[in-house]
file query_21.csv (CSV, C-alpha atoms and all ligand atoms)
chain,number,residue,atom,x,y,z
E,1,MET,CA,76.9,117.1,129.2
E,2,ILE,CA,80.1,115.0,129.8
E,3,ALA,CA,81.5,113.3,126.7
E,4,LEU,CA,81.6,109.6,127.3
E,5,PHE,CA,84.2,109.0,124.7
E,6,GLN,CA,86.8,111.3,123.5
E,7,ARG,CA,88.9,110.2,120.6
E,8,LYS,CA,92.6,110.6,121.1
E,9,ARG,CA,94.2,112.7,118.4
E,10,MET,CA,97.0,111.2,116.3
E,11,TRP,CA,99.2,114.2,116.8
E,12,ARG,CA,98.8,117.5,118.7
E,13,PRO,CA,97.6,120.6,117.0
E,14,ARG,CA,100.2,123.3,117.4
E,15,PRO,CA,98.6,126.7,117.4
E,16,ASP,CA,101.8,128.8,117.0
E,17,LEU,CA,104.6,128.6,114.5
E,18,ARG,CA,107.7,129.5,116.4
E,19,PRO,CA,110.1,132.1,114.8
E,20,ARG,CA,112.9,129.5,114.5
E,21,TYR,CA,113.6,125.8,114.2
E,22,ASP,CA,116.7,123.8,113.7
E,23,VAL,CA,115.1,122.0,110.8
E,24,VAL,CA,112.0,123.0,108.7
E,25,ILE,CA,110.7,120.2,106.5
E,26,VAL,CA,108.5,121.5,103.6
E,27,GLY,CA,105.9,118.8,102.8
E,28,GLY,CA,103.7,116.8,105.2
E,29,GLY,CA,103.6,113.7,103.2
E,30,VAL,CA,105.1,110.3,104.1
E,31,HIS,CA,108.6,111.5,103.2
E,32,GLY,CA,108.5,114.7,105.2
E,33,LEU,CA,107.0,112.9,108.2
E,34,ALA,CA,109.4,110.0,108.0
E,35,ILE,CA,112.4,112.4,107.8
E,36,ALA,CA,111.0,114.3,110.9
E,37,TYR,CA,110.6,111.0,112.8
E,38,GLU,CA,114.1,109.8,112.0
E,39,LEU,CA,115.6,113.2,112.9
E,40,ALA,CA,113.8,113.1,116.2
E,41,ARG,CA,115.0,109.6,116.9
E,42,ARG,CA,118.5,110.9,116.4
E,43,GLY,CA,117.9,113.6,119.0
E,44,VAL,CA,117.2,116.4,116.5
E,45,THR,CA,113.8,117.4,117.9
E,46,ASP,CA,113.6,121.1,117.1
E,47,VAL,CA,111.8,120.3,113.8
E,48,ALA,CA,108.7,121.7,112.1
E,49,VAL,CA,106.9,119.9,109.2
E,50,ILE,CA,105.0,122.5,107.2
E,51,GLU,CA,102.3,121.3,104.9
E,52,ARG,CA,100.1,123.5,102.6
E,53,SER,CA,97.0,121.2,103.1
E,54,TYR,CA,96.2,118.3,105.4
E,55,ILE,CA,98.9,115.8,106.0
E,56,GLY,CA,99.2,113.1,103.3
E,57,SER,CA,97.1,115.2,100.9
E,58,GLY,CA,99.7,115.1,98.0
E,59,GLY,CA,101.3,112.0,96.5
E,60,SER,CA,101.0,110.1,99.8
E,61,GLY,CA,97.3,110.1,99.5
E,62,ARG,CA,97.1,109.6,95.7
E,63,ASN,CA,99.3,106.6,95.0
E,64,THR,CA,98.6,103.0,94.6
E,65,ALA,CA,100.7,101.9,97.6
E,66,ILE,CA,102.8,99.2,95.9
E,67,ILE,CA,105.9,98.1,97.8
E,68,ARG,CA,108.8,96.3,96.0
E,69,SER,CA,112.6,96.4,95.5
E,70,ASN,CA,112.9,94.5,92.1
E,71,TYR,CA,114.7,97.5,90.5
E,72,ARG,CA,117.1,97.5,87.6
E,73,THR,CA,120.2,99.3,88.8
E,74,GLU,CA,122.3,98.1,91.7
E,75,ALA,CA,121.9,101.4,93.5
E,76,GLY,CA,118.1,101.2,93.1
E,77,VAL,CA,117.9,97.6,94.3
E,78,ARG,CA,120.0,98.2,97.4
E,79,PHE,CA,118.1,101.3,98.4
E,80,TYR,CA,114.6,99.9,97.8
E,81,ASP,CA,115.5,96.7,99.6
E,82,GLU,CA,116.4,98.7,102.6
E,83,SER,CA,113.0,100.3,102.4
E,84,VAL,CA,111.1,97.0,102.1
E,85,LYS,CA,113.0,95.7,105.1
E,86,ARG,CA,112.1,98.8,107.1
E,87,TYR,CA,108.4,98.5,106.0
E,88,GLU,CA,108.4,94.9,107.3
E,89,ARG,CA,109.2,96.2,110.8
E,90,LEU,CA,107.2,99.4,110.6
E,91,SER,CA,104.0,98.3,112.4
E,92,VAL,CA,106.0,97.0,115.3
E,93,GLU,CA,108.4,100.0,115.4
E,94,LEU,CA,105.6,102.6,115.2
E,95,GLY,CA,103.0,100.7,117.2
E,96,PHE,CA,100.4,101.1,114.5
E,97,ASN,CA,99.2,98.5,112.0
E,98,VAL,CA,100.2,99.7,108.5
E,99,LEU,CA,98.6,96.5,106.9
E,100,PHE,CA,101.6,95.5,104.8
E,101,SER,CA,100.5,92.5,102.7
E,102,GLN,CA,103.6,90.9,101.2
E,103,GLU,CA,101.6,89.0,98.7
E,104,GLY,CA,104.1,89.0,95.9
E,105,HIS,CA,104.7,91.2,92.8
E,106,LEU,CA,104.5,89.8,89.2
E,107,THR,CA,105.8,91.8,86.2
E,108,LEU,CA,104.6,90.3,83.0
E,109,ALA,CA,106.6,90.0,79.7
E,110,HIS,CA,104.8,89.8,76.4
E,111,THR,CA,107.8,90.1,74.0
E,112,GLU,CA,111.2,88.6,73.8
E,113,SER,CA,112.9,91.9,74.4
E,114,ALA,CA,110.8,92.4,77.6
E,115,ILE,CA,112.0,88.9,78.8
E,116,THR,CA,115.6,90.1,78.3
E,117,GLY,CA,114.9,93.2,80.4
E,118,LEU,CA,113.4,91.1,83.1
E,119,ARG,CA,116.4,88.7,83.1
E,120,VAL,CA,118.7,91.7,83.7
E,121,ARG,CA,116.5,92.7,86.6
E,122,ALA,CA,116.4,89.2,88.0
E,123,ASP,CA,120.2,88.9,87.9
E,124,THR,CA,120.7,92.3,89.5
E,125,ASN,CA,118.1,91.6,92.2
E,126,GLN,CA,119.6,88.2,93.0
E,127,LEU,CA,123.2,89.5,93.1
E,128,ASN,CA,122.0,92.0,95.7
E,129,GLY,CA,120.2,89.4,97.8
E,130,VAL,CA,116.7,90.3,96.6
E,131,ASP,CA,114.2,87.5,96.1
E,132,SER,CA,113.2,87.8,92.4
E,133,ARG,CA,113.2,85.3,89.5
E,134,ILE,CA,111.9,84.6,86.0
E,135,VAL,CA,108.7,82.5,85.9
E,136,TRP,CA,107.1,80.9,82.9
E,137,PRO,CA,103.4,80.4,82.0
E,138,ASP,CA,102.8,77.2,84.0
E,139,GLU,CA,103.9,78.9,87.2
E,140,ILE,CA,102.2,82.2,86.3
E,141,ARG,CA,98.9,80.2,86.0
E,142,ARG,CA,99.4,78.8,89.5
E,143,LEU,CA,100.2,82.2,90.9
E,144,VAL,CA,97.3,84.1,89.3
E,145,PRO,CA,94.8,81.6,87.9
E,146,MET,CA,92.5,84.3,86.5
E,147,LEU,CA,95.1,85.7,84.1
E,148,ASP,CA,94.4,85.1,80.4
E,149,LEU,CA,97.4,82.9,79.4
E,150,SER,CA,95.9,81.9,76.1
E,151,SER,CA,97.0,83.2,72.7
E,152,LYS,CA,93.9,85.3,72.4
E,153,PRO,CA,95.1,88.6,73.8
E,154,ARG,CA,96.8,91.0,71.5
E,155,PHE,CA,100.0,90.5,73.4
E,156,PRO,CA,100.1,87.0,75.0
E,157,ILE,CA,101.9,86.5,78.2
E,158,LEU,CA,105.3,84.8,77.7
E,159,ALA,CA,107.0,85.1,81.1
E,160,GLY,CA,107.2,87.1,84.2
E,161,LEU,CA,109.5,88.4,87.0
E,162,TYR,CA,108.2,87.2,90.3
E,163,HIS,CA,109.2,89.1,93.4
E,164,PRO,CA,107.7,87.4,96.6
E,165,PRO,CA,108.5,90.3,99.1
E,166,GLY,CA,106.6,92.8,97.1
E,167,GLY,CA,103.0,93.8,98.0
E,168,ILE,CA,100.7,96.5,99.0
E,169,ILE,CA,100.3,98.6,102.1
E,170,ARG,CA,97.6,100.9,103.7
E,171,HIS,CA,99.0,104.3,102.7
E,172,ASP,CA,97.1,106.5,105.1
E,173,ALA,CA,98.0,104.3,108.0
E,174,VAL,CA,101.7,104.8,107.1
E,175,VAL,CA,101.2,108.6,107.1
E,176,TRP,CA,99.4,108.6,110.4
E,177,ALA,CA,101.8,106.3,112.0
E,178,TYR,CA,104.8,108.4,111.1
E,179,ALA,CA,102.9,111.6,112.1
E,180,ARG,CA,102.0,110.2,115.5
E,181,ALA,CA,105.5,108.9,116.1
E,182,ALA,CA,107.1,112.1,115.1
E,183,ASP,CA,104.7,114.1,117.3
E,184,ARG,CA,105.4,112.0,120.3
E,185,LEU,CA,109.1,112.7,119.9
E,186,GLY,CA,108.5,116.4,119.9
E,187,VAL,CA,108.3,117.3,116.2
E,188,GLU,CA,105.7,120.1,115.4
E,189,ILE,CA,103.3,119.3,112.5
E,190,HIS,CA,101.8,122.4,110.9
E,191,PRO,CA,99.1,121.6,108.3
E,192,PHE,CA,97.3,124.3,106.3
E,193,THR,CA,100.5,126.4,106.2
E,194,GLU,CA,101.8,127.3,102.8
E,195,VAL,CA,105.5,128.0,102.1
E,196,THR,CA,105.6,131.0,99.9
E,197,GLY,CA,109.3,131.6,99.8
E,198,VAL,CA,112.7,130.2,100.8
E,199,ALA,CA,115.1,132.8,102.2
E,200,VAL,CA,118.8,132.6,101.2
E,201,ALA,CA,121.6,134.9,102.0
E,202,GLY,CA,125.3,134.6,101.2
E,203,GLY,CA,124.7,131.1,99.7
E,204,ARG,CA,123.1,129.8,102.8
E,205,VAL,CA,119.5,129.0,103.6
E,206,GLN,CA,118.0,131.3,106.3
E,207,GLY,CA,114.5,129.9,106.6
E,208,VAL,CA,111.1,130.1,104.8
E,209,THR,CA,108.3,132.5,104.5
E,210,THR,CA,104.8,131.1,105.0
E,211,SER,CA,101.2,132.0,104.9
E,212,ARG,CA,101.5,132.4,108.7
E,213,GLY,CA,104.7,134.5,108.7
E,214,PRO,CA,108.4,134.0,108.4
E,215,VAL,CA,110.3,131.1,110.1
E,216,ALA,CA,114.1,130.9,110.4
E,217,ALA,CA,115.8,127.6,110.1
E,218,GLY,CA,119.3,126.1,110.1
E,219,THR,CA,118.2,123.5,107.5
E,220,VAL,CA,115.3,123.4,105.1
E,221,VAL,CA,114.4,120.1,103.6
E,222,ASN,CA,112.3,120.1,100.4
E,223,ALA,CA,110.0,117.0,100.5
E,224,THR,CA,107.2,118.2,98.3
E,225,ALA,CA,107.0,115.6,95.5
E,226,GLY,CA,105.1,117.0,92.6
E,227,TRP,CA,105.8,120.6,93.7
E,228,ALA,CA,109.5,119.9,94.3
E,229,SER,CA,110.9,122.1,91.5
E,230,THR,CA,108.7,125.1,92.4
E,231,ILE,CA,109.9,125.0,96.0
E,232,ALA,CA,113.5,124.5,94.9
E,233,ALA,CA,113.2,127.5,92.5
E,234,MET,CA,112.3,129.7,95.5
E,235,ALA,CA,115.8,128.9,96.9
E,236,GLY,CA,117.3,129.6,93.5
E,237,VAL,CA,118.0,125.9,92.9
E,238,ARG,CA,117.2,124.5,89.5
E,239,LEU,CA,116.2,120.8,89.5
E,240,PRO,CA,116.1,118.5,86.5
E,241,ILE,CA,112.5,117.6,87.2
E,242,VAL,CA,109.3,117.8,85.2
E,243,THR,CA,106.0,117.2,86.8
E,244,HIS,CA,103.5,114.8,85.2
E,245,PRO,CA,100.1,113.6,86.4
E,246,LEU,CA,99.6,109.9,87.3
E,247,GLN,CA,96.1,108.5,87.4
E,248,ALA,CA,94.4,105.5,88.9
E,249,PHE,CA,90.9,104.1,89.4
E,250,VAL,CA,89.2,101.7,91.8
E,251,THR,CA,86.4,99.3,91.2
E,252,GLU,CA,83.5,98.1,93.4
E,253,PRO,CA,84.6,95.4,95.9
E,254,LEU,CA,84.8,91.9,94.7
E,255,LYS,CA,85.4,88.6,96.5
E,256,PRO,CA,89.2,88.0,96.9
E,257,PHE,CA,90.6,86.5,93.7
E,258,LEU,CA,93.8,88.3,93.1
E,259,ASP,CA,96.6,88.1,95.7
E,260,LYS,CA,99.5,89.3,93.6
E,261,VAL,CA,100.4,92.7,92.3
E,262,ILE,CA,100.3,92.4,88.5
E,263,VAL,CA,102.3,94.8,86.2
E,264,SER,CA,102.4,94.8,82.5
E,265,ALA,CA,104.6,97.3,80.7
E,266,THR,CA,103.3,96.4,77.3
E,267,TYR,CA,99.7,97.1,78.3
E,268,HIS,CA,100.9,100.0,80.5
E,269,VAL,CA,98.8,98.7,83.4
E,270,TYR,CA,99.1,97.5,86.9
E,271,ILE,CA,96.4,95.8,89.0
E,272,THR,CA,96.0,95.0,92.7
E,273,GLN,CA,93.2,93.9,94.9
E,274,THR,CA,92.9,95.6,98.3
E,275,ASP,CA,91.9,94.1,101.6
E,276,ARG,CA,88.5,95.5,101.0
E,277,GLY,CA,88.2,93.6,97.7
E,278,GLU,CA,88.4,96.6,95.4
E,279,LEU,CA,90.7,96.4,92.4
E,280,VAL,CA,93.1,99.3,92.1
E,281,ILE,CA,94.2,99.9,88.5
E,282,GLY,CA,96.8,102.3,87.3
E,283,GLN,CA,98.8,103.1,84.2
E,284,GLU,CA,101.9,105.0,83.1
E,285,ILE,CA,102.2,108.7,83.8
E,286,ASP,CA,100.2,111.0,81.5
E,287,PRO,CA,102.4,111.9,78.5
E,288,TYR,CA,102.2,115.7,79.1
E,289,SER,CA,103.6,117.8,82.0
E,290,SER,CA,101.0,119.4,84.2
E,291,TYR,CA,100.1,120.2,87.8
E,292,SER,CA,96.5,119.2,87.2
E,293,LEU,CA,94.8,116.8,89.7
E,294,ARG,CA,91.9,116.1,87.4
E,295,SER,CA,91.4,112.6,86.1
E,296,THR,CA,90.3,111.9,82.5
E,297,LEU,CA,88.0,109.7,80.5
E,298,PRO,CA,90.7,108.5,78.0
E,299,PHE,CA,92.8,107.2,80.9
E,300,LEU,CA,89.8,105.3,82.3
E,301,GLU,CA,88.9,103.8,78.9
E,302,THR,CA,92.4,102.6,78.1
E,303,GLY,CA,93.2,101.4,81.6
E,304,ALA,CA,90.0,99.4,81.8
E,305,ALA,CA,90.5,98.0,78.3
E,306,HIS,CA,94.0,96.9,79.1
E,307,ALA,CA,93.1,95.4,82.5
E,308,VAL,CA,90.3,93.4,80.9
E,309,GLU,CA,92.8,92.0,78.3
E,310,LEU,CA,94.8,90.6,81.2
E,311,LEU,CA,91.8,89.6,83.4
E,312,PRO,CA,88.8,88.9,81.2
E,313,CYS,CA,86.7,88.0,84.3
E,314,ILE,CA,86.5,91.6,85.4
E,315,ALA,CA,84.8,92.8,82.2
E,316,GLY,CA,81.5,93.7,83.8
E,317,VAL,CA,82.9,95.2,87.0
E,318,LYS,CA,81.8,98.7,88.0
E,319,VAL,CA,84.3,101.5,88.5
E,320,LEU,CA,83.7,103.5,91.8
E,321,ARG,CA,86.1,106.4,91.4
E,322,GLN,CA,89.3,107.6,89.8
E,323,TRP,CA,91.9,110.2,90.8
E,324,ALA,CA,95.2,111.8,89.8
E,325,GLY,CA,98.3,112.7,91.6
E,326,ILE,CA,101.4,114.6,90.3
E,327,CYS,CA,104.8,113.1,90.0
E,328,ASP,CA,108.2,114.8,90.0
E,329,MET,CA,110.0,113.0,87.2
E,330,THR,CA,113.8,113.0,86.7
E,331,PRO,CA,115.5,112.1,83.4
E,332,ASP,CA,116.8,108.8,84.8
E,333,PHE,CA,113.7,107.8,86.7
E,334,ALA,CA,115.6,107.8,90.0
E,335,PRO,CA,115.2,110.1,93.0
E,336,ILE,CA,117.4,112.9,94.3
E,337,MET,CA,118.4,112.8,97.9
E,338,SER,CA,121.1,115.4,98.3
E,339,THR,CA,122.6,118.6,99.5
E,340,THR,CA,122.4,121.5,97.0
E,341,GLU,CA,124.5,124.5,96.0
E,342,VAL,CA,122.6,126.4,98.7
E,343,GLU,CA,124.1,125.4,102.0
E,344,GLY,CA,121.5,124.0,104.4
E,345,PHE,CA,118.9,123.4,101.6
E,346,VAL,CA,118.5,119.7,101.3
E,347,VAL,CA,116.3,117.9,98.7
E,348,ASP,CA,114.4,114.6,99.0
E,349,VAL,CA,112.7,114.8,95.6
E,350,GLY,CA,112.4,113.3,92.1
E,351,TRP,CA,110.2,110.5,93.5
E,352,GLY,CA,108.2,110.2,90.3
E,353,THR,CA,105.9,107.2,90.7
E,354,TYR,CA,108.1,105.3,93.3
E,355,GLY,CA,108.0,107.6,96.3
E,356,PHE,CA,105.7,105.8,98.7
E,357,LYS,CA,107.7,102.5,98.7
E,358,ALA,CA,110.8,104.5,99.5
E,359,ALA,CA,109.6,106.5,102.5
E,360,PRO,CA,111.2,104.4,105.4
E,361,ALA,CA,114.6,104.3,103.8
E,362,ALA,CA,114.5,107.9,102.5
E,363,GLY,CA,113.4,109.1,105.9
E,364,TYR,CA,116.2,107.3,107.7
E,365,ARG,CA,118.9,108.2,105.2
E,366,VAL,CA,117.9,111.8,104.6
E,367,ALA,CA,117.7,112.3,108.3
E,368,GLU,CA,121.3,110.9,108.5
E,369,LEU,CA,122.4,113.3,105.8
E,370,VAL,CA,120.8,116.3,107.6
E,371,ALA,CA,122.1,115.3,111.1
E,372,THR,CA,125.7,114.4,110.0
E,373,GLY,CA,126.2,116.5,106.9
E,374,ARG,CA,127.5,113.4,105.1
E,375,SER,CA,125.7,111.4,102.4
E,376,PRO,CA,125.3,107.8,103.5
E,377,ASP,CA,126.7,105.3,101.0
E,378,VAL,CA,123.3,103.8,100.1
E,379,ILE,CA,122.0,107.2,98.9
E,380,ALA,CA,125.3,108.7,97.5
E,381,PRO,CA,124.4,107.6,93.9
E,382,PHE,CA,121.2,109.7,94.2
E,383,SER,CA,123.0,113.0,94.6
E,384,LEU,CA,122.0,116.1,92.6
E,385,ASP,CA,125.5,116.4,91.0
E,386,ARG,CA,125.0,113.2,89.1
E,387,PHE,CA,123.3,115.2,86.4
E,388,ALA,CA,126.2,117.5,86.0
E,389,ASN,CA,128.8,114.7,86.2
E,390,ASP,CA,127.1,112.4,83.7
E,391,ARG,CA,126.4,109.6,86.3
E,392,LEU,CA,122.7,109.1,85.5
E,393,LEU,CA,121.2,105.9,86.9
E,394,GLY,CA,119.0,104.5,84.1
E,395,GLU,CA,116.1,103.1,86.3
E,396,LYS,CA,113.4,103.7,83.7
E,397,ALA,CA,113.0,100.0,82.7
E,398,ALA,CA,112.0,99.1,86.3
E,399,ALA,CA,110.1,102.2,87.3
E,400,ALA,CA,106.3,101.6,87.5
E,401,VAL,CA,105.1,100.5,84.1
E,402,SER,CA,107.7,102.4,82.1
E,403,HIS,CA,109.7,100.7,79.4
E,501,LIG,O1,106.8,101.6,91.0
E,501,LIG,O2,105.6,99.9,91.6
E,501,LIG,C1,105.7,101.1,91.2
E,501,LIG,C2,104.5,101.8,90.8
E,501,LIG,C3,103.3,101.3,90.8
E,501,LIG,C4,102.5,102.4,90.5
E,501,LIG,C5,103.2,103.5,90.3
E,501,LIG,N1,104.5,103.1,90.6

call {"tool": "encode", "arguments": {"input": "query_21.csv", "output": "structure tokens", "more": "lines below"}}
Ligand code: PYC
result
Amino acid sequence: MIALFQRKRMWRPRPDLRPRYDVVIVGGGVHGLAIAYELARRGVTDVAVIERSYIGSGGSGRNTAIIRSNYRTEAGVRFYDESVKRYERLSVELGFNVLFSQEGHLTLAHTESAITGLRVRADTNQLNGVDSRIVWPDEIRRLVPMLDLSSKPRFPILAGLYHPPGGIIRHDAVVWAYARAADRLGVEIHPFTEVTGVAVAGGRVQGVTTSRGPVAAGTVVNATAGWASTIAAMAGVRLPIVTHPLQAFVTEPLKPFLDKVIVSATYHVYITQTDRGELVIGQEIDPYSSYSLRSTLPFLETGAAHAVELLPCIAGVKVLRQWAGICDMTPDFAPIMSTTEVEGFVVDVGWGTYGFKAAPAAGYRVAELVATGRSPDVIAPFSLDRFANDRLLGEKAAAAVSH
């Protein structure tokens, strides 16, 4: 029988791992794929992306897909602003709709000290050309009519930081779009291939060993998010990273009523409504370090209770499912995009709870670092040696719902 309709694959299956590539990227999430695509665009096409499971199976498939650049440090604001601008062009650039809804991002303050923190962010954002400003309850009511702005909640809403360019995106579409674009430029994508070792000799990386045999490489890039420190340890590189779970849950679909991303550090909760109508609700990272991908009842109970304090109208809504991802946390809540003491071993790690929003800029800049050997200005503050040289970045106040 003749198949009437054959679906086109997003990228080509590659039966064989070749014995050598110019660049091997460990991690087939959005970062690894974006780096591969940007390398290929620069003419570096002898690239393999090696992924232990299916592509996008790690943090890229387990995040809440919030995009924003309203960070606290100048380095953070500049970098994430570049990423938001790249996301704005991504559907056209990659020829694939990534459903970026720039609906606006609203961080709530419930205490005077939180307002002070938001003022610092608003100033730093504006000084760096990012649209972000303090808003007061009257305007908050107009932006999100369903928020409880009365004095009834335990922590009434006093003010907010409003960031119109922020929003949400369709995360699997971003992963597929980068994979397809990288594949078309000649990159090889090898899912279900586990890296079991990183070969180093004379202070230089030689390649990786995998569940499908050894592969030599001129450069190895570690883009493995929650597993970043374990892969780095295989190369003898110690990273200041501790892995923590981050959980989220999703409700049944509701009629559209929430067209802003809402974040509250005091309630440790953030809420968005997807294009399908579901509410996506997340909290702070779990307080213990773990590689566990299991979600927990205490998380669901506190997340739901806190979300209902902000939006009492969702009290009877059913929860459909919950999940956990794992996050590579650095002490200053900022990433590491850097060369290391092992020549040819490059890291794009420490993405904690902010990796997805960073992928287009990280892909572009880490590819530039690999291709030229020089760290571009916009990512120079994120080098690994900042921890030895006492140049930490202090991004915690603006990272997810941390405070
Ligand atoms: O940084 O916007 C963020 C975020 C939301 C959820 C986790 N991180």

call {"tool": "residues_around", "arguments": {"input": "query_21.csv", "residues": "Ser91 (chain E)", "least_positions_apart": "5", "cutoff": "10 Å", "atoms": "all atoms listed in the file", "output": "list in words"}}
result
Arg86, Phe96, Asn97, Val98, Leu99, Phe100, Ala173, Val174 and Ala177 of chain E

call {"tool": "closest_atom_pairs", "arguments": {"input": "query_21.csv", "of": "region 183-241 of chain E", "to": "region 289-299 of chain E", "cutoff": "12 Å", "atoms": "only C-alpha atoms", "output": "CSV"}}
result
residue,atom,partner,partner_atom,distance
E:Ala225,CA,E:Tyr291,CA,11.3
E:Gly226,CA,E:Tyr291,CA,7.6
E:Trp227,CA,E:Tyr291,CA,8.2
E:Ala228,CA,E:Tyr291,CA,11.4
E:Ser229,CA,E:Tyr291,CA,11.6
E:Thr230,CA,E:Tyr291,CA,10.9
E:Ile241,CA,E:Ser289,CA,10.3

call {"tool": "residues_around", "arguments": {"input": "query_21.csv", "residues": "Pro153 (chain E)", "least_positions_apart": "6", "cutoff": "10 Å", "atoms": "all atoms listed in the file", "output": "number ranges by chain"}}
result
E: 306, 308-310, 312

call {"tool": "write_last_selection", "arguments": {"input": "query_21.csv", "atoms": "C-alpha atoms", "output": "CSV table (one decimal), in the coordinates of the input"}}
result
chain,number,residue,atom,x,y,z
E,306,HIS,CA,94.0,96.9,79.1
E,308,VAL,CA,90.3,93.4,80.9
E,309,GLU,CA,92.8,92.0,78.3
E,310,LEU,CA,94.8,90.6,81.2
E,312,PRO,CA,88.8,88.9,81.2

call {"tool": "residues_around", "arguments": {"input": "query_21.csv", "residues": "Val280 (chain E)", "least_positions_apart": "6", "cutoff": "12 Å", "atoms": "only C-alpha atoms", "output": "PyMOL selection string"}}
result
chain E and resi 62-66+168+247-254+258+260-263+269-274+300+303-304+307+319-323

call {"tool": "closest_residue", "arguments": {"input": "query_21.csv", "among": "E:Pro360, E:Gly203, E:Gly325, E:Gly76", "to": "Val378 (chain E)", "atoms": "all atoms listed in the file"}}
result
E:Gly76

call {"tool": "residues_around", "arguments": {"input": "query_21.csv", "residues": "Arg41 (chain E)", "least_positions_apart": "3", "cutoff": "12 Å", "atoms": "all atoms listed in the file", "output": "list of chain:residue names"}}
result
E:Ala34, E:Ile35, E:Ala36, E:Tyr37, E:Glu38, E:Val44, E:Thr45, E:Asp46, E:Val47, E:Glu93, E:Leu94, E:Tyr178, E:Ala181, E:Ala182, E:Asp183, E:Arg184, E:Leu185, E:Gly186, E:Val187, E:Gly363, E:Tyr364, E:Ala367, E:Glu368, E:Ala371

call {"tool": "residues_near_point", "arguments": {"input": "query_21.csv", "point": "(109.1, 81.6, 85.7)", "cutoff": "12 Å", "atoms": "only C-alpha atoms", "output": "short mmCIF file (atom, residue, chain, number, x, y, z; two decimals) with C-alpha atoms, in the frame of the given file"}}
result
data_model
loop_
_atom_site.label_atom_id
_atom_site.label_comp_id
_atom_site.auth_asym_id
_atom_site.auth_seq_id
_atom_site.Cartn_x
_atom_site.Cartn_y
_atom_site.Cartn_z
CA LEU E 106 104.50 89.80 89.20
CA THR E 107 105.80 91.80 86.20
CA LEU E 108 104.60 90.30 83.00
CA ALA E 109 106.60 90.00 79.70
CA ILE E 115 112.00 88.90 78.80
CA LEU E 118 113.40 91.10 83.10
CA ARG E 119 116.40 88.70 83.10
CA ALA E 122 116.40 89.20 88.00
CA SER E 132 113.20 87.80 92.40
CA ARG E 133 113.20 85.30 89.50
CA ILE E 134 111.90 84.60 86.00
CA VAL E 135 108.70 82.50 85.90
CA TRP E 136 107.10 80.90 82.90
CA PRO E 137 103.40 80.40 82.00
CA ASP E 138 102.80 77.20 84.00
CA GLU E 139 103.90 78.90 87.20
CA ILE E 140 102.20 82.20 86.30
CA ARG E 141 98.90 80.20 86.00
CA ARG E 142 99.40 78.80 89.50
CA LEU E 143 100.20 82.20 90.90
CA ILE E 157 101.90 86.50 78.20
CA LEU E 158 105.30 84.80 77.70
CA ALA E 159 107.00 85.10 81.10
CA GLY E 160 107.20 87.10 84.20
CA LEU E 161 109.50 88.40 87.00
CA TYR E 162 108.20 87.20 90.30
CA HIS E 163 109.20 89.10 93.40
#

call {"tool": "build_atoms", "arguments": {"input": "query_21.csv", "residues": "region 245-253 of chain E", "atoms": "N, CA, C and O atoms", "output": "mmCIF file, in the frame of the given file"}}
result
data_model
loop_
_atom_site.group_PDB
_atom_site.id
_atom_site.type_symbol
_atom_site.label_atom_id
_atom_site.label_comp_id
_atom_site.auth_asym_id
_atom_site.auth_seq_id
_atom_site.Cartn_x
_atom_site.Cartn_y
_atom_site.Cartn_z
ATOM 1 N N PRO E 245 101.146 114.252 85.633
ATOM 2 C CA PRO E 245 100.100 113.600 86.400
ATOM 3 C C PRO E 245 100.215 112.043 86.262
ATOM 4 O O PRO E 245 100.737 111.531 85.268
ATOM 5 N N LEU E 246 99.745 111.355 87.278
ATOM 6 C CA LEU E 246 99.600 109.900 87.300
ATOM 7 C C LEU E 246 98.225 109.576 87.748
ATOM 8 O O LEU E 246 97.802 110.092 88.781
ATOM 9 N N GLN E 247 97.504 108.747 87.011
ATOM 10 C CA GLN E 247 96.100 108.500 87.400
ATOM 11 C C GLN E 247 95.904 107.033 87.794
ATOM 12 O O GLN E 247 96.702 106.156 87.456
ATOM 13 N N ALA E 248 94.817 106.812 88.491
ATOM 14 C CA ALA E 248 94.400 105.500 88.900
ATOM 15 C C ALA E 248 92.931 105.431 89.085
ATOM 16 O O ALA E 248 92.286 106.483 89.182
ATOM 17 N N PHE E 249 92.366 104.239 89.108
ATOM 18 C CA PHE E 249 90.900 104.100 89.400
ATOM 19 C C PHE E 249 90.709 102.874 90.268
ATOM 20 O O PHE E 249 91.566 101.994 90.355
ATOM 21 N N VAL E 250 89.543 102.836 90.900
ATOM 22 C CA VAL E 250 89.200 101.700 91.800
ATOM 23 C C VAL E 250 87.844 101.209 91.464
ATOM 24 O O VAL E 250 86.952 101.975 91.109
ATOM 25 N N THR E 251 87.690 99.881 91.547
ATOM 26 C CA THR E 251 86.400 99.300 91.200
ATOM 27 C C THR E 251 85.594 99.004 92.469
ATOM 28 O O THR E 251 86.077 99.120 93.591
ATOM 29 N N GLU E 252 84.371 98.549 92.249
ATOM 30 C CA GLU E 252 83.500 98.100 93.400
ATOM 31 C C GLU E 252 84.265 96.873 94.016
ATOM 32 O O GLU E 252 85.102 96.222 93.380
ATOM 33 N N PRO E 253 83.943 96.569 95.285
ATOM 34 C CA PRO E 253 84.600 95.400 95.900
ATOM 35 C C PRO E 253 84.159 94.096 95.353
ATOM 36 O O PRO E 253 82.991 93.923 95.027
#
